[in-house]
>>> print(open('run00.cif').read())   # mmCIF, C-alpha atoms and all ligand atoms
data_my_file
#
loop_
_atom_site.label_atom_id
_atom_site.label_comp_id
_atom_site.auth_asym_id
_atom_site.auth_seq_id
_atom_site.Cartn_x
_atom_site.Cartn_y
_atom_site.Cartn_z
CA MET A 1 10.35 0.72 -23.57
CA GLN A 2 8.31 -1.24 -26.04
CA ASP A 3 4.67 -0.31 -25.93
CA VAL A 4 2.65 -3.40 -25.00
CA GLY A 5 -0.07 -1.87 -27.17
CA GLU A 6 1.90 -2.96 -30.18
CA CYS A 7 1.26 -6.56 -29.21
CA TYR A 8 -2.44 -6.33 -29.88
CA SER A 9 -4.18 -4.13 -32.38
CA GLU A 10 -6.46 -1.99 -30.28
CA GLU A 11 -5.69 1.08 -32.35
CA ASP A 12 -7.99 0.06 -35.18
CA ASP A 13 -10.89 -1.81 -33.59
CA GLY A 14 -12.79 1.35 -32.67
CA MET A 15 -12.71 0.74 -28.93
CA ASP A 16 -11.41 3.63 -26.85
CA ALA A 17 -9.27 3.22 -23.75
CA ALA A 18 -12.15 3.50 -21.27
CA GLU A 19 -14.20 0.90 -23.12
CA ARG A 20 -11.27 -1.48 -23.30
CA LEU A 21 -10.65 -1.05 -19.58
CA ILE A 22 -14.28 -1.72 -18.71
CA ASN A 23 -14.78 -4.59 -21.15
CA GLU A 24 -11.42 -6.32 -21.19
CA HIS A 25 -9.70 -5.20 -17.96
CA LYS A 26 -6.47 -4.25 -19.65
CA LEU A 27 -4.73 -1.19 -21.05
CA SER A 28 -1.63 -0.72 -23.17
CA ARG A 29 0.80 2.03 -22.22
CA SER A 30 -0.62 4.37 -24.84
CA GLU A 31 -4.16 3.66 -23.68
CA CYS A 32 -3.11 4.47 -20.11
CA MET A 33 -1.85 7.84 -21.37
CA GLU A 34 -5.07 8.42 -23.29
CA LEU A 35 -7.15 7.70 -20.20
CA LEU A 36 -5.00 9.74 -17.83
CA ALA A 37 -5.32 12.74 -20.13
CA ARG A 38 -9.04 12.70 -19.32
CA VAL A 39 -8.78 12.81 -15.52
CA ASP A 40 -10.69 16.12 -15.42
CA ASP A 41 -13.63 14.59 -17.29
CA ALA A 42 -16.08 14.24 -14.38
CA ALA A 43 -18.49 12.06 -16.34
CA LEU A 44 -15.72 9.62 -17.18
CA ALA A 45 -14.50 9.51 -13.55
CA ALA A 46 -18.07 8.79 -12.40
CA LYS A 47 -18.49 6.06 -15.01
CA LEU A 48 -15.23 4.36 -14.02
CA ALA A 49 -16.13 4.61 -10.31
CA ALA A 50 -19.55 3.02 -10.94
CA GLU A 51 -17.96 0.16 -12.92
CA ALA A 52 -15.27 -0.27 -10.24
CA VAL A 53 -17.82 -0.44 -7.42
CA SER A 54 -19.92 -2.97 -9.29
CA LEU A 55 -16.88 -5.19 -9.80
CA ARG A 56 -15.99 -4.90 -6.13
CA TRP A 57 -19.58 -5.84 -5.32
CA LYS A 58 -19.36 -8.89 -7.58
CA TYR A 59 -16.33 -10.33 -5.75
CA TYR A 60 -16.56 -8.91 -2.23
CA GLY A 61 -20.14 -7.65 -1.77
CA ASN A 62 -20.32 -4.66 0.54
CA LYS A 63 -17.53 -5.94 2.77
CA VAL A 64 -14.63 -3.74 3.76
CA TYR A 65 -11.67 -5.46 5.37
CA THR A 66 -9.52 -3.98 8.11
CA ARG A 67 -5.83 -4.46 8.71
CA GLY A 68 -4.45 -3.43 12.08
CA LEU A 69 -1.28 -1.50 11.37
CA ILE A 70 1.51 -1.89 13.93
CA GLU A 71 4.28 0.60 13.18
CA PHE A 72 6.96 -1.12 15.23
CA THR A 73 10.10 0.81 14.33
CA ASN A 74 10.86 4.14 12.72
CA TYR A 75 14.58 3.48 12.42
CA CYS A 76 15.46 3.19 8.75
CA LYS A 77 18.71 2.66 6.90
CA ASN A 78 17.26 4.01 3.66
CA ASP A 79 17.08 7.57 2.48
CA CYS A 80 14.00 7.88 0.28
CA TYR A 81 13.98 11.62 -0.32
CA TYR A 82 10.24 12.06 0.27
CA CYS A 83 9.99 10.27 3.61
CA GLY A 84 10.03 11.86 7.06
CA ILE A 85 11.67 8.85 8.77
CA ARG A 86 14.48 8.47 6.23
CA HIS A 87 17.92 7.76 7.69
CA GLY A 88 19.26 11.27 7.02
CA ASN A 89 16.54 13.07 8.97
CA ILE A 90 18.33 13.91 12.21
CA ASN A 91 15.18 15.53 13.61
CA ALA A 92 13.20 12.28 13.61
CA VAL A 93 12.76 10.95 17.16
CA ARG A 94 13.42 7.23 16.85
CA TYR A 95 11.68 4.34 18.64
CA ARG A 96 11.41 0.57 18.53
CA LEU A 97 8.68 -1.62 19.99
CA SER A 98 9.71 -4.68 21.97
CA ARG A 99 8.27 -8.08 21.12
CA ASP A 100 5.96 -7.80 24.12
CA GLU A 101 4.70 -4.38 23.06
CA ILE A 102 3.97 -5.76 19.59
CA LEU A 103 2.09 -8.72 21.09
CA GLN A 104 0.05 -6.33 23.26
CA CYS A 105 -0.99 -4.48 20.10
CA CYS A 106 -2.18 -7.80 18.62
CA GLU A 107 -4.02 -8.73 21.82
CA HIS A 108 -5.87 -5.44 21.86
CA GLY A 109 -6.42 -5.54 18.09
CA TYR A 110 -7.92 -9.02 18.22
CA GLU A 111 -10.46 -7.91 20.85
CA LEU A 112 -11.38 -5.00 18.59
CA GLY A 113 -12.10 -7.35 15.68
CA PHE A 114 -8.90 -7.25 13.64
CA ARG A 115 -8.06 -10.52 11.89
CA THR A 116 -5.09 -9.22 9.91
CA PHE A 117 -2.07 -7.60 11.51
CA VAL A 118 0.47 -5.59 9.54
CA LEU A 119 3.95 -5.24 10.95
CA GLN A 120 5.30 -2.15 9.27
CA GLY A 121 8.59 -0.46 9.88
CA GLY A 122 11.60 1.23 8.41
CA GLU A 123 14.46 -0.99 7.24
CA ASP A 124 15.91 -1.48 10.71
CA PRO A 125 18.83 -3.92 11.03
CA TRP A 126 18.23 -4.23 14.80
CA TYR A 127 15.44 -6.64 13.85
CA THR A 128 17.65 -9.44 12.59
CA ASP A 129 16.11 -12.39 10.76
CA GLU A 130 16.17 -14.35 14.02
CA ARG A 131 14.36 -11.61 15.96
CA MET A 132 11.77 -11.23 13.20
CA GLU A 133 11.19 -14.98 13.02
CA GLU A 134 10.58 -15.04 16.76
CA ILE A 135 8.07 -12.17 16.52
CA ILE A 136 6.32 -13.78 13.53
CA ARG A 137 6.07 -17.16 15.28
CA SER A 138 4.74 -15.58 18.48
CA ILE A 139 2.00 -13.76 16.57
CA LYS A 140 1.01 -16.81 14.52
CA THR A 141 0.97 -19.01 17.62
CA GLY A 142 -1.00 -16.52 19.68
CA TRP A 143 -3.58 -15.71 16.99
CA PRO A 144 -3.64 -18.65 14.56
CA ASP A 145 -6.84 -17.45 12.89
CA CYS A 146 -5.26 -14.15 11.86
CA ALA A 147 -3.28 -13.28 8.75
CA LEU A 148 0.10 -11.65 9.21
CA MET A 149 1.37 -9.12 6.72
CA LEU A 150 4.91 -7.74 6.78
CA SER A 151 5.96 -4.37 5.43
CA ILE A 152 9.63 -4.05 6.25
CA GLY A 153 11.25 -3.35 2.92
CA GLU A 154 13.81 -5.03 0.73
CA LYS A 155 15.33 -8.33 1.89
CA SER A 156 17.08 -11.25 0.24
CA TYR A 157 15.14 -14.19 -1.19
CA ASP A 158 16.47 -16.31 1.66
CA THR A 159 15.23 -13.90 4.31
CA TYR A 160 11.81 -13.69 2.69
CA ARG A 161 11.75 -17.50 2.63
CA ARG A 162 12.58 -17.67 6.35
CA PHE A 163 9.80 -15.21 7.21
CA ARG A 164 7.36 -17.16 5.07
CA GLU A 165 8.32 -20.40 6.79
CA ALA A 166 7.90 -18.69 10.17
CA GLY A 167 4.29 -17.99 9.18
CA ALA A 168 4.06 -14.63 7.39
CA ASP A 169 1.20 -14.70 4.86
CA ARG A 170 1.45 -11.40 3.03
CA TYR A 171 3.97 -8.71 2.18
CA LEU A 172 3.53 -5.08 1.30
CA LEU A 173 6.29 -3.44 -0.68
CA ARG A 174 5.20 -0.46 -2.71
CA HIS A 175 7.26 -0.17 -5.86
CA GLU A 176 6.90 3.66 -5.44
CA THR A 177 7.27 4.34 -9.18
CA ALA A 178 7.83 2.00 -12.10
CA ASN A 179 9.64 4.67 -14.12
CA GLU A 180 13.42 4.29 -13.98
CA ALA A 181 14.30 8.00 -14.18
CA HIS A 182 11.60 8.91 -11.67
CA TYR A 183 12.81 6.22 -9.26
CA CYS A 184 16.31 7.78 -9.41
CA TYR A 185 14.83 11.22 -8.75
CA LEU A 186 13.11 10.01 -5.57
CA HIS A 187 15.88 7.80 -4.15
CA PRO A 188 19.65 7.83 -3.61
CA ALA A 189 21.92 5.87 -5.96
CA GLY A 190 22.05 2.75 -3.75
CA GLN A 191 18.31 2.15 -4.11
CA THR A 192 17.21 0.85 -7.51
CA LEU A 193 13.95 0.04 -9.21
CA ARG A 194 15.50 -3.18 -10.42
CA ALA A 195 16.16 -4.39 -6.86
CA ARG A 196 12.67 -3.33 -5.83
CA LYS A 197 11.02 -5.28 -8.63
CA GLN A 198 13.20 -8.31 -7.93
CA CYS A 199 11.94 -8.32 -4.33
CA LEU A 200 8.34 -8.25 -5.52
CA TYR A 201 8.90 -11.18 -7.88
CA ASP A 202 10.73 -13.10 -5.12
CA LEU A 203 7.81 -12.55 -2.76
CA LYS A 204 5.37 -13.81 -5.39
CA ALA A 205 7.49 -16.89 -6.03
CA LEU A 206 7.46 -17.67 -2.31
CA GLY A 207 3.66 -17.70 -2.23
CA TYR A 208 3.06 -14.48 -0.33
CA GLN A 209 -0.01 -12.43 -1.14
CA VAL A 210 1.86 -9.42 -2.43
CA GLY A 211 1.07 -5.72 -2.28
CA ALA A 212 2.71 -3.20 -4.58
CA GLY A 213 1.80 0.46 -4.99
CA PHE A 214 2.91 4.03 -5.47
CA MET A 215 2.35 7.61 -4.38
CA VAL A 216 0.15 9.81 -6.54
CA GLY A 217 1.59 13.22 -7.38
CA SER A 218 5.05 12.54 -6.00
CA PRO A 219 7.62 15.15 -7.09
CA GLY A 220 8.68 14.67 -10.71
CA GLN A 221 5.80 12.30 -11.51
CA THR A 222 4.43 12.65 -15.06
CA VAL A 223 1.61 10.96 -16.92
CA GLU A 224 4.26 8.70 -18.46
CA CYS A 225 5.33 7.59 -14.96
CA LEU A 226 1.74 6.72 -14.05
CA ALA A 227 1.33 4.82 -17.32
CA ASP A 228 4.46 2.84 -16.39
CA ASP A 229 2.91 2.12 -12.99
CA LEU A 230 -0.27 0.79 -14.56
CA VAL A 231 1.65 -1.34 -17.07
CA PHE A 232 3.82 -2.73 -14.27
CA LEU A 233 0.79 -3.60 -12.13
CA GLN A 234 -0.67 -5.57 -15.04
CA GLU A 235 2.62 -7.43 -15.40
CA LEU A 236 3.11 -8.21 -11.69
CA ARG A 237 -0.57 -8.86 -10.91
CA PRO A 238 -0.26 -8.23 -7.17
CA GLU A 239 -3.03 -9.30 -4.78
CA MET A 240 -2.99 -5.84 -3.16
CA VAL A 241 -2.22 -2.34 -4.39
CA GLY A 242 -1.63 0.57 -2.02
CA ILE A 243 -1.83 4.04 -3.46
CA GLY A 244 -2.18 7.40 -1.76
CA PRO A 245 -1.40 11.01 -2.52
CA PHE A 246 2.11 12.29 -1.89
CA ILE A 247 2.07 14.65 1.09
CA PRO A 248 5.14 16.80 1.78
CA HIS A 249 7.14 16.39 4.98
CA HIS A 250 8.78 19.54 6.38
CA ASP A 251 12.20 17.91 6.95
CA THR A 252 12.69 16.68 3.38
CA ARG A 253 13.97 18.25 0.17
CA PHE A 254 10.39 18.08 -1.11
CA ALA A 255 8.99 20.15 1.79
CA HIS A 256 7.61 22.82 -0.53
CA GLU A 257 6.27 20.56 -3.27
CA PRO A 258 2.50 20.43 -3.68
CA ALA A 259 0.57 17.44 -2.33
CA GLY A 260 -0.80 14.89 -4.80
CA SER A 261 -4.33 15.31 -6.11
CA VAL A 262 -7.20 13.55 -4.37
CA ALA A 263 -9.22 13.48 -7.61
CA LEU A 264 -6.38 11.78 -9.49
CA THR A 265 -5.95 9.26 -6.65
CA LEU A 266 -9.65 8.39 -6.80
CA PHE A 267 -9.53 8.08 -10.59
CA LEU A 268 -6.54 5.72 -10.29
CA LEU A 269 -8.27 3.62 -7.63
CA SER A 270 -11.10 3.00 -10.08
CA VAL A 271 -8.69 2.23 -12.91
CA ILE A 272 -6.75 -0.23 -10.74
CA ARG A 273 -9.96 -1.99 -9.61
CA LEU A 274 -10.88 -2.38 -13.29
CA LEU A 275 -7.43 -3.63 -14.30
CA LEU A 276 -7.23 -6.13 -11.42
CA PRO A 277 -10.86 -6.85 -10.54
CA LYS A 278 -10.24 -8.95 -7.40
CA VAL A 279 -7.46 -6.79 -6.01
CA LEU A 280 -7.49 -5.79 -2.33
CA LEU A 281 -7.36 -2.03 -2.49
CA PRO A 282 -6.96 0.17 0.59
CA ALA A 283 -8.44 3.60 1.04
CA THR A 284 -5.23 4.83 2.63
CA THR A 285 -4.41 7.04 5.59
CA ALA A 286 -2.68 9.47 3.22
CA LEU A 287 -5.96 9.78 1.28
CA GLY A 288 -7.75 10.47 4.59
CA THR A 289 -5.10 13.06 5.44
CA ALA A 290 -5.39 14.89 2.11
CA ASP A 291 -9.19 15.06 2.36
CA PRO A 292 -11.34 14.69 5.49
CA ARG A 293 -13.64 12.29 3.61
CA GLY A 294 -10.85 10.85 1.50
CA ARG A 295 -11.25 7.28 2.72
CA GLU A 296 -15.01 7.29 2.15
CA LYS A 297 -14.44 8.68 -1.32
CA GLY A 298 -11.84 5.96 -1.88
CA LEU A 299 -14.42 3.28 -1.06
CA MET A 300 -16.84 4.91 -3.48
CA ALA A 301 -14.14 4.76 -6.16
CA GLY A 302 -13.63 0.99 -5.73
CA ALA A 303 -11.41 0.49 -2.65
CA ASN A 304 -12.33 -2.27 -0.15
CA VAL A 305 -9.74 -2.16 2.64
CA VAL A 306 -8.92 0.24 5.47
CA MET A 307 -5.82 0.12 7.62
CA PRO A 308 -6.32 1.81 10.98
CA ASN A 309 -3.47 2.29 13.36
CA LEU A 310 -2.89 -0.21 16.20
CA SER A 311 0.42 1.26 17.33
CA PRO A 312 0.74 2.52 20.91
CA VAL A 313 -0.51 6.12 21.07
CA LYS A 314 2.78 7.23 22.68
CA ASN A 315 4.66 6.40 19.46
CA ARG A 316 2.16 7.36 16.79
CA LYS A 317 3.37 10.87 16.12
CA GLN A 318 6.89 9.54 15.73
CA TYR A 319 5.97 7.38 12.72
CA ASP A 320 6.02 10.60 10.82
CA LEU A 321 6.18 9.77 7.11
CA TYR A 322 4.48 13.03 6.03
CA ASP A 323 2.99 16.12 7.69
CA ASN A 324 -0.41 16.23 9.41
CA LYS A 325 -0.97 12.46 9.37
CA ILE A 326 -4.41 11.66 10.81
CA CYS A 327 -5.25 9.35 13.71
CA THR A 328 -2.04 9.98 15.63
CA GLY A 329 -3.87 11.00 18.83
CA GLU A 330 -6.63 8.40 18.86
CA GLU A 331 -6.75 5.09 20.70
CA ALA A 332 -7.10 2.04 18.45
CA ALA A 333 -10.67 1.49 19.65
CA GLU A 334 -11.62 5.04 18.66
CA CYS A 335 -10.22 4.57 15.17
CA ARG A 336 -12.02 1.28 14.75
CA GLY A 337 -15.35 2.81 15.82
CA CYS A 338 -14.79 5.92 13.74
CA LEU A 339 -13.95 3.85 10.67
CA ALA A 340 -16.91 1.51 11.12
CA GLN A 341 -19.18 4.56 10.94
CA ARG A 342 -17.37 6.07 7.99
CA VAL A 343 -17.56 2.77 6.10
CA ALA A 344 -21.28 2.44 6.91
CA SER A 345 -21.88 6.00 5.67
CA VAL A 346 -21.09 4.83 2.12
CA GLY A 347 -23.19 1.66 2.29
CA CYS A 348 -20.39 -0.75 3.15
CA GLU A 349 -19.74 -2.90 6.21
CA LEU A 350 -16.54 -3.19 8.22
CA VAL A 351 -16.13 -6.92 8.84
CA THR A 352 -14.23 -9.10 11.31
CA GLU A 353 -12.48 -11.36 8.79
CA ARG A 354 -8.99 -12.02 7.50
CA GLY A 355 -9.99 -10.70 4.11
CA ASP A 356 -7.84 -12.91 1.91
CA PHE A 357 -7.52 -12.38 -1.83
CA CYS A 358 -10.50 -14.18 -3.36
CA GLY A 359 -8.69 -15.52 -6.41
N1 LIG B 1 3.65 11.14 1.29
C1 LIG B 1 2.84 10.09 1.08
N2 LIG B 1 3.22 8.82 1.25
C2 LIG B 1 4.46 8.60 1.69
N3 LIG B 1 5.12 7.45 1.95
C3 LIG B 1 6.36 7.76 2.39
N4 LIG B 1 6.52 9.09 2.41
C4 LIG B 1 5.36 9.64 1.97
C5 LIG B 1 4.91 10.96 1.75
N5 LIG B 1 5.71 12.01 1.98
C6 LIG B 1 4.56 6.13 1.66
C7 LIG B 1 5.48 5.34 0.74
C8 LIG B 1 5.78 4.10 1.55
C9 LIG B 1 4.64 4.04 2.54
C10 LIG B 1 4.92 3.29 3.79
O1 LIG B 1 4.39 5.40 2.83
O2 LIG B 1 4.80 5.00 -0.46
O3 LIG B 1 5.86 2.93 0.79
FE1 LIG B 2 -8.75 7.10 13.31
FE2 LIG B 2 -11.15 8.11 12.44
S1 LIG B 2 -10.04 6.40 11.72
S2 LIG B 2 -10.02 8.61 14.25
#
>>> encode(input="run00.cif", output="structure tokens")
Amino acid sequence: MQDVGECYSEEDDGMDAAERLINEHKLSRSECMELLARVDDAALAAKLAAEAVSLRWKYYGNKVYTRGLIEFTNYCKNDCYYCGIRHGNINAVRYRLSRDEILQCCEHGYELGFRTFVLQGGEDPWYTDERMEEIIRSIKTGWPDCALMLSIGEKSYDTYRRFREAGADRYLLRHETANEAHYCYLHPAGQTLRARKQCLYDLKALGYQVGAGFMVGSPGQTVECLADDLVFLQELRPEMVGIGPFIPHHDTRFAHEPAGSVALTLFLLSVIRLLLPKVLLPATTALGTADPRGREKGLMAGANVVMPNLSPVKNRKQYDLYDNKICTGEEAAECRGCLAQRVASVGCELVTERGDFCG
């Protein structure tokens, strides 16, 4: 791949990678590598976090937005090798929520102060375009002041267009890794990085607020892979970026791989805030699973979104992407209250707003 650094002559202007990131909000691939080599430099991490938080403050103040996550199906036709609900995992206990169950989650979520709902699920063909359109329309009719985000994987342009016309506002589709060889290592042959990227560009073209993202410390990930991720994010310029540490799942080929590093995740959150200053950046459940104060630390590194679970408690443990996932026993109200306190403990405020991209 051609190094975008060759397009501008940062090598000889005396500015190092951290300074360029802070001053100009961009990094070439080689600068990404230079910066990532310094992840153990605590002073640098603290400096980047301080700059990231001050940028977040500039655009969003002390507000932290919530998205109520409704995990409505754990059936999936894909076989991502790292994921506990992949098609090939015969031990996964499968469930689907009916339209009415989904609407009950929204009803309850609205009372609790959620103004964005996220419908997340595996790639489940039972939910045809027609069924999805009906669910989307019901949610948008029932709660017209709320934003609706979908996270249901790769679809055709036409299907994305239908969902958009039915009222969906946003779409989350992590790219998982922007490195071709790494993508092949994590997925079976039928799933390609090219198709993934095409979906993200289609979603952008259709006017969705788009979320990309990747796991930190996934098996086979190198500094080069992360540099590719950061270059890709600068190219795509998504409105949201979801990152969290990889956490092994016992029923996958990566069961005995180490979990991703919390420190590296925090470092990357700051870098991403600096590259895309207005980005909506969640402190993810995986970060909260890897470290009991992971989400608070994420906010202190520049994140400004949390995504508590609104799914029915009876199904929560079944949406089992990785081991020891937090919040699988709590009622939605408990999570909301718990998070409000956690957010307040780092000087931020959990707000009752849609939390649109401010750009
Ligand atoms: N560890 C951490 N995150 C995971 N995901 C899937 N499996 C794992 C895992 N083992 C993430 C993927 C996916 C999102 C819904 O969950 O990045 O996009
Ligand atoms: Fe779910 Fe704390 S956020 S219990």
>>> residues_near_ligand(input="run00.cif", ligand="ligand LIG 2 (chain B)", cutoff="7 Å", atoms="all atoms listed in the file", output="list of chain:residue names")
A:Pro308, A:Ile326, A:Cys327, A:Glu330, A:Glu334, A:Cys335, A:Arg336, A:Cys338, A:Leu339
>>> atom_distance(input="run00.cif", atom1="atom CA of Met215 of chain A", atom2="atom CA of Ala46 of chain A")
22.0 Å
>>> atom_distance(input="run00.cif", atom1="atom CA of Asn309 of chain A", atom2="atom CA of Leu350 of chain A")
15.1 Å
>>> residues_near_ligand(input="run00.cif", ligand="ligand LIG 1 (chain B)", cutoff="8 Å", atoms="all atoms listed in the file", output="list of chain:residue names")
A:Cys80, A:Tyr82, A:Cys83, A:Gly84, A:Gln120, A:Ser151, A:Leu173, A:Arg174, A:His175, A:Glu176, A:Gly213, A:Phe214, A:Met215, A:Ser218, A:Gly242, A:Ile243, A:Gly244, A:Pro245, A:Phe246, A:Ile247, A:Pro248, A:His249, A:Ala259, A:Ala286, A:Leu321, A:Tyr322, A:Asp323
>>> write_last_selection(input="run00.cif", atoms="C-alpha atoms", output="tab-separated table (two decimals), in the coordinates of the input")
chain	number	residue	atom	x	y	z
A	80	CYS	CA	14.00	7.88	0.28
A	82	TYR	CA	10.24	12.06	0.27
A	83	CYS	CA	9.99	10.27	3.61
A	84	GLY	CA	10.03	11.86	7.06
A	120	GLN	CA	5.30	-2.15	9.27
A	151	SER	CA	5.96	-4.37	5.43
A	173	LEU	CA	6.29	-3.44	-0.68
A	174	ARG	CA	5.20	-0.46	-2.71
A	175	HIS	CA	7.26	-0.17	-5.86
A	176	GLU	CA	6.90	3.66	-5.44
A	213	GLY	CA	1.80	0.46	-4.99
A	214	PHE	CA	2.91	4.03	-5.47
A	215	MET	CA	2.35	7.61	-4.38
A	218	SER	CA	5.05	12.54	-6.00
A	242	GLY	CA	-1.63	0.57	-2.02
A	243	ILE	CA	-1.83	4.04	-3.46
A	244	GLY	CA	-2.18	7.40	-1.76
A	245	PRO	CA	-1.40	11.01	-2.52
A	246	PHE	CA	2.11	12.29	-1.89
A	247	ILE	CA	2.07	14.65	1.09
A	248	PRO	CA	5.14	16.80	1.78
A	249	HIS	CA	7.14	16.39	4.98
A	259	ALA	CA	0.57	17.44	-2.33
A	286	ALA	CA	-2.68	9.47	3.22
A	321	LEU	CA	6.18	9.77	7.11
A	322	TYR	CA	4.48	13.03	6.03
A	323	ASP	CA	2.99	16.12	7.69
>>> closest_atom_pairs(input="run00.cif", of="segment 227-310 of chain A", to="segment 48-72 of chain A", cutoff="8 Å", atoms="only C-alpha atoms", output="tab-separated table")
residue	atom	partner	partner_atom	distance
A:Phe267	CA	A:Ala49	CA	7.5
A:Ser270	CA	A:Ala49	CA	5.3
A:Val271	CA	A:Leu48	CA	7.0
A:Arg273	CA	A:Ala52	CA	5.6
A:Leu274	CA	A:Ala52	CA	5.7
A:Pro277	CA	A:Leu55	CA	6.3
A:Lys278	CA	A:Tyr59	CA	6.5
A:Met300	CA	A:Val53	CA	6.7
A:Ala301	CA	A:Ala49	CA	4.6
A:Gly302	CA	A:Val53	CA	4.7
A:Ala303	CA	A:Arg56	CA	7.9
A:Asn304	CA	A:Val64	CA	4.8
A:Val305	CA	A:Tyr65	CA	4.7
A:Val306	CA	A:Thr66	CA	5.0
A:Met307	CA	A:Arg67	CA	4.7
A:Pro308	CA	A:Gly68	CA	5.7
A:Asn309	CA	A:Leu69	CA	4.8
A:Leu310	CA	A:Ile70	CA	5.2
>>> atom_distance(input="run00.cif", atom1="atom CA of Leu103 of chain A", atom2="atom CA of Glu133 of chain A")
13.7 Å
>>> residues_around(input="run00.cif", residues="segment 125-131 of chain A", least_positions_apart="2", cutoff="9 Å", atoms="only C-alpha atoms", output="list in words")
Tyr75, Cys76, Lys77, Arg99, Glu123, Glu133, Glu134, Ile135, Ile136, Thr159, Arg162 and Phe163 of chain A
>>> decode(input="run00.cif", residues="segment 17-31 of chain A", atoms="N, CA and C atoms", output="PDB file, in the first residue's frame")
ATOM      1  N   ALA A  17       5.145  12.770  15.312  1.00  0.00           N
ATOM      2  CA  ALA A  17       3.793  12.259  15.052  1.00  0.00           C
ATOM      3  C   ALA A  17       2.780  12.813  16.059  1.00  0.00           C
ATOM      4  N   ALA A  18       3.167  12.850  17.334  1.00  0.00           N
ATOM      5  CA  ALA A  18       2.219  13.321  18.359  1.00  0.00           C
ATOM      6  C   ALA A  18       1.861  14.783  18.127  1.00  0.00           C
ATOM      7  N   GLU A  19       2.858  15.580  17.792  1.00  0.00           N
ATOM      8  CA  GLU A  19       2.571  17.003  17.536  1.00  0.00           C
ATOM      9  C   GLU A  19       1.662  17.177  16.329  1.00  0.00           C
ATOM     10  N   ARG A  20       1.933  16.380  15.278  1.00  0.00           N
ATOM     11  CA  ARG A  20       1.080  16.511  14.095  1.00  0.00           C
ATOM     12  C   ARG A  20      -0.362  16.124  14.429  1.00  0.00           C
ATOM     13  N   LEU A  21      -0.505  15.067  15.205  1.00  0.00           N
ATOM     14  CA  LEU A  21      -1.844  14.611  15.595  1.00  0.00           C
ATOM     15  C   LEU A  21      -2.570  15.712  16.377  1.00  0.00           C
ATOM     16  N   ILE A  22      -1.877  16.305  17.321  1.00  0.00           N
ATOM     17  CA  ILE A  22      -2.506  17.319  18.177  1.00  0.00           C
ATOM     18  C   ILE A  22      -2.785  18.602  17.391  1.00  0.00           C
ATOM     19  N   ASN A  23      -1.851  18.981  16.534  1.00  0.00           N
ATOM     20  CA  ASN A  23      -1.985  20.266  15.841  1.00  0.00           C
ATOM     21  C   ASN A  23      -2.809  20.190  14.563  1.00  0.00           C
ATOM     22  N   GLU A  24      -2.667  19.083  13.859  1.00  0.00           N
ATOM     23  CA  GLU A  24      -3.287  19.019  12.522  1.00  0.00           C
ATOM     24  C   GLU A  24      -4.358  17.941  12.385  1.00  0.00           C
ATOM     25  N   HIS A  25      -4.530  17.112  13.413  1.00  0.00           N
ATOM     26  CA  HIS A  25      -5.563  16.063  13.401  1.00  0.00           C
ATOM     27  C   HIS A  25      -5.430  15.117  12.216  1.00  0.00           C
ATOM     28  N   LYS A  26      -4.210  14.765  11.910  1.00  0.00           N
ATOM     29  CA  LYS A  26      -4.008  13.734  10.885  1.00  0.00           C
ATOM     30  C   LYS A  26      -2.687  13.026  11.121  1.00  0.00           C
ATOM     31  N   LEU A  27      -2.602  11.818  10.561  1.00  0.00           N
ATOM     32  CA  LEU A  27      -1.387  11.015  10.692  1.00  0.00           C
ATOM     33  C   LEU A  27      -1.221  10.188   9.422  1.00  0.00           C
ATOM     34  N   SER A  28      -0.011  10.141   8.908  1.00  0.00           N
ATOM     35  CA  SER A  28       0.267   9.216   7.809  1.00  0.00           C
ATOM     36  C   SER A  28       0.433   7.815   8.398  1.00  0.00           C
ATOM     37  N   ARG A  29       0.524   6.816   7.537  1.00  0.00           N
ATOM     38  CA  ARG A  29       0.695   5.450   8.038  1.00  0.00           C
ATOM     39  C   ARG A  29       1.977   5.331   8.856  1.00  0.00           C
ATOM     40  N   SER A  30       3.059   5.930   8.370  1.00  0.00           N
ATOM     41  CA  SER A  30       4.318   5.798   9.114  1.00  0.00           C
ATOM     42  C   SER A  30       4.260   6.558  10.439  1.00  0.00           C
ATOM     43  N   GLU A  31       3.548   7.659  10.473  1.00  0.00           N
ATOM     44  CA  GLU A  31       3.378   8.371  11.745  1.00  0.00           C
ATOM     45  C   GLU A  31       2.535   7.558  12.733  1.00  0.00           C
TER      46      GLU A  31
END
